[in-house]
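Student: Quick one: structure below, then a few questions.
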Amino acid sequence: MATLVEFPNELIDHVATYLLPGSIEALALSCKTIYGKCKYAIQKHNDYRKKYKTWSNRGTRRDDALYFLHEITNDPLAAEYVESLSFWDLRSFQEIKEARQVLGADWRIWKDAQTMQRIIHMIEEKLEVYLEALSIDTEFWYSRIRHEANPWDHFTQSQSDSDHSSVPPPPRRIFGFITALTVLCLLPNLRELTLHPDFPGSRSDTASALLFPIRQLFRHRPRDGTYPLAYRPLEKLETLLPYQWNSPHVVVLLEHIRPFLELPNLRNVFSTSGVYEPNHRRYLEEGHYLDYAPGWIEIPVGFTPEWGSLSLRRLELYNSSLNHHGLSVLLQSCDQLEVFKYMHQYKVSTINNWSSEDSWDVESFVAQLGYAAGKSLKELYLRDDLNSSTCNHVGDLSQLEVLEKLEIDVGMFASRNTEQALLADMLPSCLQHLTIYIRNEADLSWLPRLTSGLAIQRQERLHNIEEICLKNLACGVSRPPEHYAATRNFVEEEGVKWIDDEPDAWSQKWEGWPREYCTRFAYSNEMMDFSDDDETDENEPSKTSFERQDPVVYDTNYPPYSPTSPLYTALSPVYSPIYSPDAAQASPPYSPNYEPTTPSYSPTSPTRVPNSPRLPS
């Protein structure tokens, strides 16, 4: 009987061309002989992996989710190779022009009836049984995809049928939410995902009911063991990347990413500008979306959510606004969380009509974190963007039973309004590395009391601590304040390593994790305006009729602050540390307290004037 090795080269190569990525790798690597007989299939496999492993929009229109379905329709094998997907289209205008040169500047998928029919037919063939098993109205689903493909249908109809000229048109570019969910259902090997800024809960006012399909599509499992697909959508997803700009005026409702946390293998979540909406607490806690199903989706009989311990290991929230109530909802059942990094920022969004609370209760925040993940959390990073909005200090970290590394602002250990405790009494005995940041000169006065007794406690109780580092970002040796030398000597005698640094206060170059985060996700830190990228055609309104509603963009690449600079005099409504809109006409833009001779003033110091009003940066 002939073995596989004895088969003709042509036959083995022909069979290999029909194998999926995992199967062809297993076959080709089984032995050297078979590897040599699969040269054509291996070359094809490598070409597909190079082209589709990291996938983003390559169409002629920005934010065109339908183009993903168009590519899958033309080449279904491509969907098997996608491991990293980005719905956030960050191409330059030149890259879009190059795509138009290949596909045609006037080519639109929704204008080609035959192409649209092929796409719908592909979805019916691959997903119709799956959607029906979830009791989803498939006709509504397909009509939504057609509508999202051509938002101008609704625009034209509303303009012709409405007698009220004041009725606002829909957004100039509508991100296809149902289209995007369909794409996610067709990618069995997806491991990394970047959503779109218009994803529900962020820039657009998409109905919250649309979030139900996420839970329905990706989380529910049949009790009888049957499943209409050979794979489970997003079953292999491991990482969710940031999908929003870094700005005090931009918000992402973190409860809307909660369904993704319930995926079986999701381990890493990175988010920028996330907030918690207290009004949505019941929406999240009661029924887990099940009592908020839209009319076109019914709860399928025989399906149940797989609840229990979630697989989340790392959660990084940069420049977000989250209180302890929001944290309890977000981390429900996340008892395997090992890394939590959070930077608090005061948020005001005119687009979502949302603003965060005036103060951050860091004591309740840490207590809730200990309750949710105290037995698993090994690394904790807490910073405050303003260093002045905490209403309570951290009283006890003993709930974090396995914490090994801690980085925190000194203001969270000591508050102006409460009695100060000893740092040695707050730290858990398991801690190995501690880094404390000083960003305000007033914090220096707390250090002797805060660090008192550290040397003794390290010998008696804190045996695991390898290093305690204090990074002074408020003032350095070039301009030491009063009692600076005495404070530093006292702290160093307690075994604390002291490092002086003076970062650029206006460019917000943070030390430690924030700098690493901004470097890794640089695309989310510089807001870009794409209003004029798309060329119009005869069937679309002009570009000036309805511009894309992007948040207000403030330039952050400004020079160091100077009260006499003409630039900051002209831009005082934006950059003034004490600016008040109501008093802008009645008072000068800058406070008399901000004088170069003031002891607390430094052009390179992020120190804020004591008792001055706190405003969003």
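Residues are referred to by chain and number: the chain letter is A, B, ... according to the order shown in the structure tokens, the number counts from 1 in that chain, and ligands are numbered separately from 1 in the order shown.
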I'd like the neighbourhood of Lys497 of chain A as an NGL selection string, where a residue qualifies if any of its atoms comes within 10 Å (using only C-alpha atoms), though same-chain residues fewer than 3 positions away should be ignored.

Tutor: :A and (435 or 467-471 or 488 or 491-494)

Student: Have a look at A:Arg461, A:Leu254, A:Glu83, A:Gln94 and name the one nearest to Ser429 of chain A; count only C-alpha atoms.

Tutor: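 Answer, going by the shortest atom-to-atom distance: A:Arg461.
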
Student: What gap, in Å, lies between atom CA of Arg439 of chain A and atom CA of Asn472 of chain A?

Tutor: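 Answer for the atom CA of Arg439 of chain A to atom CA of Asn472 of chain A separation: 6.7 Å.
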
Student: Skipping near chain neighbours, those fewer than 2 positions away, what residues fall within 8 Å of Ala180 of chain A using only C-alpha atoms, listed as a ChimeraX atom specification?

Tutor: /A:65-66,87,176-178,182-184

Student: Got a sec: who's within 10 Å of Glu95 of chain A, counting only C-alpha atoms, leaving out chain neighbours fewer than 6 positions off, as a PyMOL selection string?

Tutor: chain A and resi 58-60+101

Student: Pick out the residues sitting within 12 Å of His433 of chain A, and hand them over as a PDB file with C-alpha atoms, in the first residue's frame; count only C-alpha atoms, and ignore anything fewer than 5 positions along from it in its own chain.

Tutor:
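The resulting file, result-v2.pdb, is reproduced below:
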ATOM      1  CA  LYS A 378       0.503  41.501  40.148  1.00  0.00           C
ATOM      2  CA  GLU A 379       1.145  44.885  38.525  1.00  0.00           C
ATOM      3  CA  LEU A 380      -0.673  48.169  39.244  1.00  0.00           C
ATOM      4  CA  TYR A 381      -0.135  51.615  37.750  1.00  0.00           C
ATOM      5  CA  LEU A 403       0.938  42.605  44.074  1.00  0.00           C
ATOM      6  CA  GLU A 404       4.566  42.707  42.929  1.00  0.00           C
ATOM      7  CA  LYS A 405       4.947  46.070  41.158  1.00  0.00           C
ATOM      8  CA  LEU A 406       3.313  49.423  41.951  1.00  0.00           C
ATOM      9  CA  GLU A 407       3.697  52.820  40.235  1.00  0.00           C
ATOM     10  CA  ILE A 408       1.623  55.670  41.650  1.00  0.00           C
ATOM     11  CA  LEU A 427       2.091  48.519  51.406  1.00  0.00           C
ATOM     12  CA  PRO A 428       1.404  44.785  51.119  1.00  0.00           C
ATOM     13  CA  LEU A 462       8.427  44.215  53.782  1.00  0.00           C
ATOM     14  CA  HIS A 463      11.064  41.553  53.116  1.00  0.00           C
ATOM     15  CA  ASN A 464      10.273  41.189  49.389  1.00  0.00           C
ATOM     16  CA  ILE A 465      10.859  44.812  48.395  1.00  0.00           C
ATOM     17  CA  GLU A 466      13.858  45.078  46.082  1.00  0.00           C
ATOM     18  CA  GLU A 467      13.641  48.785  45.213  1.00  0.00           C
ATOM     19  CA  ILE A 468      11.683  51.894  46.193  1.00  0.00           C
ATOM     20  CA  CYS A 469      12.182  54.699  43.688  1.00  0.00           C
ATOM     21  CA  LEU A 470      10.928  58.276  43.936  1.00  0.00           C
ATOM     22  CA  VAL A 496      14.398  55.354  48.887  1.00  0.00           C
ATOM     23  CA  LYS A 497      16.170  56.027  45.592  1.00  0.00           C
TER      24      LYS A 497
END

Student: Would you mind telling me which residue in A:Leu454, A:Ala149, A:Ala373, A:Val394 lies nearest to Ala113 of chain A when using only C-alpha atoms?

Tutor: A:Ala149

Student: So that I can check the surroundings of Phe490 of chain A, please list as a PyMOL selection string every protein, DNA and RNA residue that reaches within 10 Å of it, counting only C-alpha atoms and ignoring chain neighbours fewer than 4 positions away.

Tutor: chain A and resi 447-449+451-452+485-486+494-496

Student: Rounded to one decimal in Å, what is the spacing between atom CA of Leu315 of chain A and atom CA of Ser271 of chain A?

Tutor: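 Here the two named atoms are 8.2 Å from each other.
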